[in-house]
Amino acid sequence: MGKLSNTAVPKYYGRFRDAVLRGDIPVNHEISLEMNRIDALIDDPDIYYDESAVEGYIAFCENELTLTDGSDLHLLETFKLWAEQIFGWYYFTEREIWVPNKNGRGGRYVTKRVKLRLTKKQFLIIPRGAAKSMYDSTIQAFFLTIDRSTTKQITTAPTMKQADEVMSPIRTAITRARGPYFKFLTMGSINNTTGSKADRPKLASTKEGIKSFLTESLLEVRPMQIDRLQGLRVKVATVDEWLSGEIREDPIGAIEQGASKLDEYIILASSSEGTVRNGVGDTIKMELLDILKGKYVAPHVSIWYYKLDSIDEINDPSMWIKANPNLGKTVSYETYKLDVERAEKNPAARNDILAKRFNIPLEGYTYFFPYEETLPHRHRNYKGLVCSMGADLSQGDDFCAFTFLFPFSNGTFGIKARSYISSLTYKQLHKAAREKYDEFIAEGSLIVMEGDVLDIPSVFEDLDDHILDMEYDVEAMGFDPYNADKFVELWVGVNGPHCGLVKVQQGKRTETVPLGEIKKLSTERALLFDEEIMTFTMGNCIVEEDTNGNRKLLKKRYADKIDNVSALMDGFVAYKENREAFD
């Protein structure tokens with residue numbers, strides 16, 4: 001262990017900060033906030049920096065480890081910068097420690113100062129192609145082979161194949177054994193089960209995972225499921241793609257429950273930005289942004305959140321390094337340039353590219369409606385006008401969606417939405433999703449009904465009151481028949497059997513034509529919606545298309561997605577089938 005100092009500037013951070021101040025490296029707002037947090041650690045007299053701690057990690061990586069393809073690993077400056085935050089900072093705390101008497105009988109508690117590593121969690125939000133899985137791999141390999149204690153180590157990701165990306169470079173390094181330490185660890189044959197233990201390898205890839213037989217330490221892949229991650233006494237955990245996968249529960253919190261039984265655990269969570277909004281990942285990210293902004297102090301958390309500050313910077317290649325600090329090293333400018341050109345020519349892929357290459361979080365995949373088409377129009381009032389209504393009650397126990405279409409003589413359609421959700425579903429929303437839903441409640445497009453499940457007669461009564469209040473003249477009603485019997489019965493009871501009822505059966509045969517026409521109207525900005533709920537649902541609308549061009553709404557059964565687009569399509573079909581009622 002090297003010399004501790006409570007005033008020294010970390011070596012690699014110092015280099016990075018000087019380059020930023022000189023203007024050599026442009027950084028985004030979130031990285032500048034993290035730099036302020038590191039400066040605060042330097043100024044804190046109770047936090048100590050060990051100038052040599054990270055050097056051991058660097059020497060180990062550059063002498064022993066390889067890339068996945070077997071070539072020698074040379075650490076990037078960013079790896080040194082991030083690792084310095086994990087290994088470099090320490091603090092002292094007082095502990096009551098039991099000291100037995102020399103004669104072996106009895107003993108006493110003695111207060112001792114104990115030195116502990118400060119950083120327990122590190123978050124890297126960085127685009128694809130920045131070698132984040134390789135960084136995860138180096139941290140895992142270091143603890144597995146250098147740490148003298150018996151460690152439990154895990155790596156997890158939305159899929160087991162993804163999680164294995166962290167294991168694969170370590171397996172290659174074991175096979176290559178390029179450095180003296182790995183040559184020693186891998187000497188002998190794993191099949192030697194009866195001879196001397198000295199002739200067996202001390203580090204090997206087994207069915208359980210990668211195992212160190214010197215310490216009985218194990219690194220294994222775990223699925224990203226709470227019940228498989230909770231309660232483990234994990235010393236080191238790497239969590240990959242926690243923001244870009246469609247996860248329902250917080251894997252980092254589950255791992256920390258078990259890991260916090262140890263003093264010096266490390267959870268390394270790395271991910272690119274996702275296109276699935278308002279889920280667990282966004283809730284975690286909101287907490288990280290609160291830490292960066294200083295809303296609460298969490299010195300044990302290191303956060304490196306790389307992204308462009310503005311969507312306009314996509315057209316300026318000199319700014320791309322803000323999003324990917326390893327640009328030009330792990331991924332070429334040419335790759336980025338081709339993706340930018342593809343995003344301009346192919347609206348369906350645009351949001352995915354902006355999220356995955358530049359870490360710009362956008363609403364949904366928008367395979368059907370590109371970002372520009374989801375922007376709301378100026379506010380309009382359609383009180384007293386003739387309209388068609390679409391109803392989607394396919395998840396009637398949880399939520400129902402209704403969309404009103406007001407046809408105008410110039411070929412445009414006014415759009416208004418009204419949706420219903422049970423109070424139980426609302427309470428179960430993640431923080432990020434709840435904030436979004438609060439916007440809908442404030443604008444009056446979402447109604448929360450008391451109870452665990454929605455009571456359809458109550459929903460009908462409220463909707464009927466709303467129609468009367470707004471004086472809407474509903475000439476047609478299109479509905480998806482699934483789960484709609486009770487509502488339709490009530491509707492017919494009030495409006496009579498000749499009320500323009502149209503059953504819209506789901507499937508490519510019935511959906512292809514109306515979806516094509518809605519898409520054409522959307523492209524021409526002829527769908528005049530002014531509510532955030534339509535922006536949100538259009539942003540989350542994914543359409544399946546086969547080789548013959550047949551289309552079908554891909555209904556992902558999220559508990560926190562309200563499908564007014566499906567109701568829009570049903571209402572549009574009802575309008576077309578009752579055209580004469582609108583003339």
# chains A, B, ... in the order shown; residues from 1 in each chain; ligands from 1
call {"tool": "residues_around", "arguments": {"residues": "segment 370-378 of chain A", "least_positions_apart": "3", "cutoff": "12 Å", "atoms": "only C-alpha atoms", "output": "ChimeraX atom specification"}}
result
/A:311,343-352,354,361-367,381,413-416,518-542,565
call {"tool": "residues_around", "arguments": {"residues": "Gln153 of chain A", "least_positions_apart": "2", "cutoff": "6 Å", "atoms": "only C-alpha atoms", "output": "PyMOL selection string"}}
result
chain A and resi 218-219+234-237
call {"tool": "closest_residue", "arguments": {"among": "A:Leu446, A:Met319, A:Ile467, A:Ile154", "to": "Gly23 of chain A", "atoms": "only C-alpha atoms"}}
result
A:Met319
call {"tool": "closest_residue", "arguments": {"among": "A:Ala141, A:Val474, A:Leu553, A:Val340", "to": "Thr510 of chain A", "atoms": "only C-alpha atoms"}}
result
A:Leu553
call {"tool": "select_by_dssp", "arguments": {"residues": "segment 171-250 of chain A", "states": "alpha helix (DSSP H)", "output": "list of chain:residue names"}}
result
A:Arg171, A:Thr172, A:Ala173, A:Ile174, A:Thr175, A:Arg176, A:Pro180, A:Tyr181, A:Phe182, A:Lys183, A:Phe184, A:Leu185, A:Ile226, A:Asp227, A:Arg228, A:Leu229
call {"tool": "closest_residue", "arguments": {"among": "A:Lys112, A:Leu385, A:Ile303, A:Asn410", "to": "Asn36 of chain A", "atoms": "only C-alpha atoms"}}
result
A:Ile303
call {"tool": "residues_around", "arguments": {"residues": "Glu475 of chain A", "least_positions_apart": "2", "cutoff": "7 Å", "atoms": "only C-alpha atoms", "output": "list in words"}}
result
Val386, Cys387, Ser388, Asp473, Cys499, Gly500 and Ala581 of chain A
call {"tool": "write_last_selection", "arguments": {"atoms": "all heavy atoms", "output": "CSV table (one decimal), in the first residue's frame"}}
result
chain,number,residue,atom,x,y,z
A,386,VAL,N,-68.7,16.8,-33.9
A,386,VAL,CA,-69.0,15.4,-34.3
A,386,VAL,C,-67.7,14.6,-34.2
A,386,VAL,O,-66.6,15.1,-34.7
A,386,VAL,CB,-69.6,15.4,-35.7
A,386,VAL,CG1,-69.8,13.9,-36.1
A,386,VAL,CG2,-70.9,16.1,-35.7
A,387,CYS,N,-67.7,13.4,-33.7
A,387,CYS,CA,-66.5,12.6,-33.6
A,387,CYS,C,-66.8,11.1,-33.7
A,387,CYS,O,-67.9,10.7,-33.6
A,387,CYS,CB,-65.7,12.9,-32.3
A,387,CYS,SG,-66.6,12.5,-30.9
A,388,SER,N,-65.7,10.4,-33.9
A,388,SER,CA,-65.7,9.0,-33.8
A,388,SER,C,-64.9,8.6,-32.6
A,388,SER,O,-63.9,9.3,-32.3
A,388,SER,CB,-65.1,8.4,-35.1
A,388,SER,OG,-64.8,7.0,-34.9
A,473,ASP,N,-70.5,14.8,-30.1
A,473,ASP,CA,-71.5,14.1,-30.8
A,473,ASP,C,-70.8,12.8,-31.4
A,473,ASP,O,-70.3,12.9,-32.5
A,473,ASP,CB,-72.1,15.0,-31.9
A,473,ASP,CG,-73.2,14.3,-32.7
A,473,ASP,OD1,-73.5,13.1,-32.3
A,473,ASP,OD2,-73.7,14.8,-33.7
A,499,CYS,N,-75.8,2.8,-33.2
A,499,CYS,CA,-74.9,3.9,-32.8
A,499,CYS,C,-73.5,3.8,-33.5
A,499,CYS,O,-72.5,4.3,-33.0
A,499,CYS,CB,-74.7,3.9,-31.3
A,499,CYS,SG,-74.1,2.3,-30.7
A,500,GLY,N,-73.5,3.2,-34.7
A,500,GLY,CA,-72.2,3.1,-35.4
A,500,GLY,C,-71.2,2.2,-34.8
A,500,GLY,O,-70.0,2.5,-34.9
A,581,ALA,N,-72.3,9.3,-41.9
A,581,ALA,CA,-72.8,10.0,-40.6
A,581,ALA,C,-72.0,11.3,-40.4
A,581,ALA,O,-72.5,12.1,-39.6
A,581,ALA,CB,-72.7,9.1,-39.4
call {"tool": "decode", "arguments": {"residues": "segment 403-419 of chain A", "atoms": "all heavy atoms", "output": "PDB file, in the first residue's frame"}}
result
ATOM      1  N   THR A 403     -59.893   7.055 -27.457  1.00  0.00           N
ATOM      2  CA  THR A 403     -59.393   8.148 -28.290  1.00  0.00           C
ATOM      3  C   THR A 403     -60.538   8.677 -29.154  1.00  0.00           C
ATOM      4  O   THR A 403     -61.251   7.895 -29.785  1.00  0.00           O
ATOM      5  CB  THR A 403     -58.215   7.682 -29.180  1.00  0.00           C
ATOM      6  OG1 THR A 403     -57.195   7.117 -28.341  1.00  0.00           O
ATOM      7  CG2 THR A 403     -57.622   8.835 -29.963  1.00  0.00           C
ATOM      8  N   PHE A 404     -60.704  10.000 -29.174  1.00  0.00           N
ATOM      9  CA  PHE A 404     -61.753  10.660 -29.969  1.00  0.00           C
ATOM     10  C   PHE A 404     -61.123  11.263 -31.218  1.00  0.00           C
ATOM     11  O   PHE A 404     -60.079  11.936 -31.135  1.00  0.00           O
ATOM     12  CB  PHE A 404     -62.428  11.769 -29.154  1.00  0.00           C
ATOM     13  CG  PHE A 404     -63.121  11.264 -27.900  1.00  0.00           C
ATOM     14  CD1 PHE A 404     -62.459  11.255 -26.682  1.00  0.00           C
ATOM     15  CD2 PHE A 404     -64.426  10.793 -27.954  1.00  0.00           C
ATOM     16  CE1 PHE A 404     -63.089  10.788 -25.533  1.00  0.00           C
ATOM     17  CE2 PHE A 404     -65.064  10.325 -26.802  1.00  0.00           C
ATOM     18  CZ  PHE A 404     -64.392  10.323 -25.587  1.00  0.00           C
ATOM     19  N   LEU A 405     -61.751  11.031 -32.396  1.00  0.00           N
ATOM     20  CA  LEU A 405     -61.277  11.602 -33.663  1.00  0.00           C
ATOM     21  C   LEU A 405     -62.327  12.567 -34.202  1.00  0.00           C
ATOM     22  O   LEU A 405     -63.498  12.199 -34.369  1.00  0.00           O
ATOM     23  CB  LEU A 405     -61.066  10.512 -34.720  1.00  0.00           C
ATOM     24  CG  LEU A 405     -59.828   9.641 -34.602  1.00  0.00           C
ATOM     25  CD1 LEU A 405     -60.117   8.472 -33.683  1.00  0.00           C
ATOM     26  CD2 LEU A 405     -59.425   9.110 -35.977  1.00  0.00           C
ATOM     27  N   PHE A 406     -61.905  13.784 -34.499  1.00  0.00           N
ATOM     28  CA  PHE A 406     -62.814  14.816 -35.016  1.00  0.00           C
ATOM     29  C   PHE A 406     -62.410  15.103 -36.458  1.00  0.00           C
ATOM     30  O   PHE A 406     -61.404  15.783 -36.702  1.00  0.00           O
ATOM     31  CB  PHE A 406     -62.691  16.092 -34.173  1.00  0.00           C
ATOM     32  CG  PHE A 406     -62.986  15.857 -32.711  1.00  0.00           C
ATOM     33  CD1 PHE A 406     -61.977  15.460 -31.840  1.00  0.00           C
ATOM     34  CD2 PHE A 406     -64.261  16.031 -32.203  1.00  0.00           C
ATOM     35  CE1 PHE A 406     -62.237  15.229 -30.491  1.00  0.00           C
ATOM     36  CE2 PHE A 406     -64.536  15.816 -30.861  1.00  0.00           C
ATOM     37  CZ  PHE A 406     -63.526  15.414 -30.002  1.00  0.00           C
ATOM     38  N   PRO A 407     -63.173  14.566 -37.457  1.00  0.00           N
ATOM     39  CA  PRO A 407     -62.788  14.780 -38.862  1.00  0.00           C
ATOM     40  C   PRO A 407     -63.124  16.207 -39.316  1.00  0.00           C
ATOM     41  O   PRO A 407     -64.194  16.733 -39.000  1.00  0.00           O
ATOM     42  CB  PRO A 407     -63.638  13.755 -39.623  1.00  0.00           C
ATOM     43  CG  PRO A 407     -64.736  13.365 -38.698  1.00  0.00           C
ATOM     44  CD  PRO A 407     -64.347  13.716 -37.305  1.00  0.00           C
ATOM     45  N   PHE A 408     -62.175  16.829 -40.042  1.00  0.00           N
ATOM     46  CA  PHE A 408     -62.398  18.172 -40.585  1.00  0.00           C
ATOM     47  C   PHE A 408     -62.390  18.118 -42.114  1.00  0.00           C
ATOM     48  O   PHE A 408     -61.807  17.209 -42.715  1.00  0.00           O
ATOM     49  CB  PHE A 408     -61.321  19.149 -40.082  1.00  0.00           C
ATOM     50  CG  PHE A 408     -61.352  19.333 -38.583  1.00  0.00           C
ATOM     51  CD1 PHE A 408     -60.250  19.005 -37.800  1.00  0.00           C
ATOM     52  CD2 PHE A 408     -62.486  19.810 -37.938  1.00  0.00           C
ATOM     53  CE1 PHE A 408     -60.277  19.157 -36.427  1.00  0.00           C
ATOM     54  CE2 PHE A 408     -62.534  19.970 -36.572  1.00  0.00           C
ATOM     55  CZ  PHE A 408     -61.424  19.641 -35.808  1.00  0.00           C
ATOM     56  N   SER A 409     -63.004  19.114 -42.717  1.00  0.00           N
ATOM     57  CA  SER A 409     -63.176  19.118 -44.174  1.00  0.00           C
ATOM     58  C   SER A 409     -61.856  19.193 -44.934  1.00  0.00           C
ATOM     59  O   SER A 409     -61.772  18.807 -46.094  1.00  0.00           O
ATOM     60  CB  SER A 409     -64.081  20.296 -44.592  1.00  0.00           C
ATOM     61  OG  SER A 409     -63.538  21.504 -44.091  1.00  0.00           O
ATOM     62  N   ASN A 410     -60.800  19.698 -44.288  1.00  0.00           N
ATOM     63  CA  ASN A 410     -59.506  19.814 -44.986  1.00  0.00           C
ATOM     64  C   ASN A 410     -58.677  18.525 -44.905  1.00  0.00           C
ATOM     65  O   ASN A 410     -57.500  18.503 -45.270  1.00  0.00           O
ATOM     66  CB  ASN A 410     -58.702  20.990 -44.421  1.00  0.00           C
ATOM     67  CG  ASN A 410     -58.367  20.813 -42.942  1.00  0.00           C
ATOM     68  OD1 ASN A 410     -58.757  19.815 -42.318  1.00  0.00           O
ATOM     69  ND2 ASN A 410     -57.650  21.778 -42.383  1.00  0.00           N
ATOM     70  N   GLY A 411     -59.281  17.434 -44.386  1.00  0.00           N
ATOM     71  CA  GLY A 411     -58.577  16.140 -44.343  1.00  0.00           C
ATOM     72  C   GLY A 411     -57.799  15.895 -43.064  1.00  0.00           C
ATOM     73  O   GLY A 411     -57.178  14.836 -42.913  1.00  0.00           O
ATOM     74  N   THR A 412     -57.819  16.863 -42.131  1.00  0.00           N
ATOM     75  CA  THR A 412     -57.119  16.653 -40.859  1.00  0.00           C
ATOM     76  C   THR A 412     -58.095  16.074 -39.826  1.00  0.00           C
ATOM     77  O   THR A 412     -59.310  16.102 -40.021  1.00  0.00           O
ATOM     78  CB  THR A 412     -56.526  17.976 -40.315  1.00  0.00           C
ATOM     79  OG1 THR A 412     -57.597  18.898 -40.099  1.00  0.00           O
ATOM     80  CG2 THR A 412     -55.517  18.567 -41.277  1.00  0.00           C
ATOM     81  N   PHE A 413     -57.527  15.572 -38.745  1.00  0.00           N
ATOM     82  CA  PHE A 413     -58.342  14.999 -37.666  1.00  0.00           C
ATOM     83  C   PHE A 413     -57.889  15.587 -36.326  1.00  0.00           C
ATOM     84  O   PHE A 413     -56.701  15.528 -35.992  1.00  0.00           O
ATOM     85  CB  PHE A 413     -58.160  13.476 -37.600  1.00  0.00           C
ATOM     86  CG  PHE A 413     -58.816  12.738 -38.725  1.00  0.00           C
ATOM     87  CD1 PHE A 413     -58.158  12.597 -39.950  1.00  0.00           C
ATOM     88  CD2 PHE A 413     -60.089  12.189 -38.588  1.00  0.00           C
ATOM     89  CE1 PHE A 413     -58.749  11.918 -40.996  1.00  0.00           C
ATOM     90  CE2 PHE A 413     -60.681  11.508 -39.642  1.00  0.00           C
ATOM     91  CZ  PHE A 413     -60.029  11.371 -40.846  1.00  0.00           C
ATOM     92  N   GLY A 414     -58.843  16.138 -35.590  1.00  0.00           N
ATOM     93  CA  GLY A 414     -58.546  16.519 -34.213  1.00  0.00           C
ATOM     94  C   GLY A 414     -58.509  15.260 -33.362  1.00  0.00           C
ATOM     95  O   GLY A 414     -59.260  14.315 -33.612  1.00  0.00           O
ATOM     96  N   ILE A 415     -57.614  15.207 -32.385  1.00  0.00           N
ATOM     97  CA  ILE A 415     -57.469  14.010 -31.544  1.00  0.00           C
ATOM     98  C   ILE A 415     -57.523  14.421 -30.071  1.00  0.00           C
ATOM     99  O   ILE A 415     -56.808  15.340 -29.647  1.00  0.00           O
ATOM    100  CB  ILE A 415     -56.104  13.303 -31.791  1.00  0.00           C
ATOM    101  CG1 ILE A 415     -55.870  13.000 -33.276  1.00  0.00           C
ATOM    102  CG2 ILE A 415     -55.980  12.038 -30.945  1.00  0.00           C
ATOM    103  CD1 ILE A 415     -56.693  11.900 -33.851  1.00  0.00           C
ATOM    104  N   LYS A 416     -58.350  13.729 -29.297  1.00  0.00           N
ATOM    105  CA  LYS A 416     -58.360  13.886 -27.840  1.00  0.00           C
ATOM    106  C   LYS A 416     -58.340  12.492 -27.217  1.00  0.00           C
ATOM    107  O   LYS A 416     -58.936  11.548 -27.763  1.00  0.00           O
ATOM    108  CB  LYS A 416     -59.600  14.641 -27.356  1.00  0.00           C
ATOM    109  CG  LYS A 416     -59.609  16.131 -27.687  1.00  0.00           C
ATOM    110  CD  LYS A 416     -58.615  16.912 -26.844  1.00  0.00           C
ATOM    111  CE  LYS A 416     -58.662  18.405 -27.179  1.00  0.00           C
ATOM    112  NZ  LYS A 416     -57.677  19.176 -26.414  1.00  0.00           N
ATOM    113  N   ALA A 417     -57.681  12.350 -26.081  1.00  0.00           N
ATOM    114  CA  ALA A 417     -57.557  11.041 -25.433  1.00  0.00           C
ATOM    115  C   ALA A 417     -58.094  11.101 -24.011  1.00  0.00           C
ATOM    116  O   ALA A 417     -58.054  12.151 -23.360  1.00  0.00           O
ATOM    117  CB  ALA A 417     -56.098  10.609 -25.420  1.00  0.00           C
ATOM    118  N   ARG A 418     -58.595   9.977 -23.552  1.00  0.00           N
ATOM    119  CA  ARG A 418     -58.997   9.844 -22.154  1.00  0.00           C
ATOM    120  C   ARG A 418     -58.749   8.398 -21.750  1.00  0.00           C
ATOM    121  O   ARG A 418     -59.240   7.472 -22.386  1.00  0.00           O
ATOM    122  CB  ARG A 418     -60.460  10.220 -21.967  1.00  0.00           C
ATOM    123  CG  ARG A 418     -60.841  10.401 -20.480  1.00  0.00           C
ATOM    124  CD  ARG A 418     -62.203  11.055 -20.379  1.00  0.00           C
ATOM    125  NE  ARG A 418     -62.657  11.247 -19.006  1.00  0.00           N
ATOM    126  CZ  ARG A 418     -62.384  12.314 -18.262  1.00  0.00           C
ATOM    127  NH1 ARG A 418     -61.621  13.282 -18.736  1.00  0.00           N
ATOM    128  NH2 ARG A 418     -62.876  12.435 -17.029  1.00  0.00           N
ATOM    129  N   SER A 419     -57.964   8.218 -20.695  1.00  0.00           N
ATOM    130  CA  SER A 419     -57.619   6.866 -20.268  1.00  0.00           C
ATOM    131  C   SER A 419     -57.867   6.695 -18.777  1.00  0.00           C
ATOM    132  O   SER A 419     -57.920   7.672 -18.029  1.00  0.00           O
ATOM    133  CB  SER A 419     -56.156   6.565 -20.590  1.00  0.00           C
ATOM    134  OG  SER A 419     -55.988   6.491 -21.989  1.00  0.00           O
TER     135      SER A 419
END
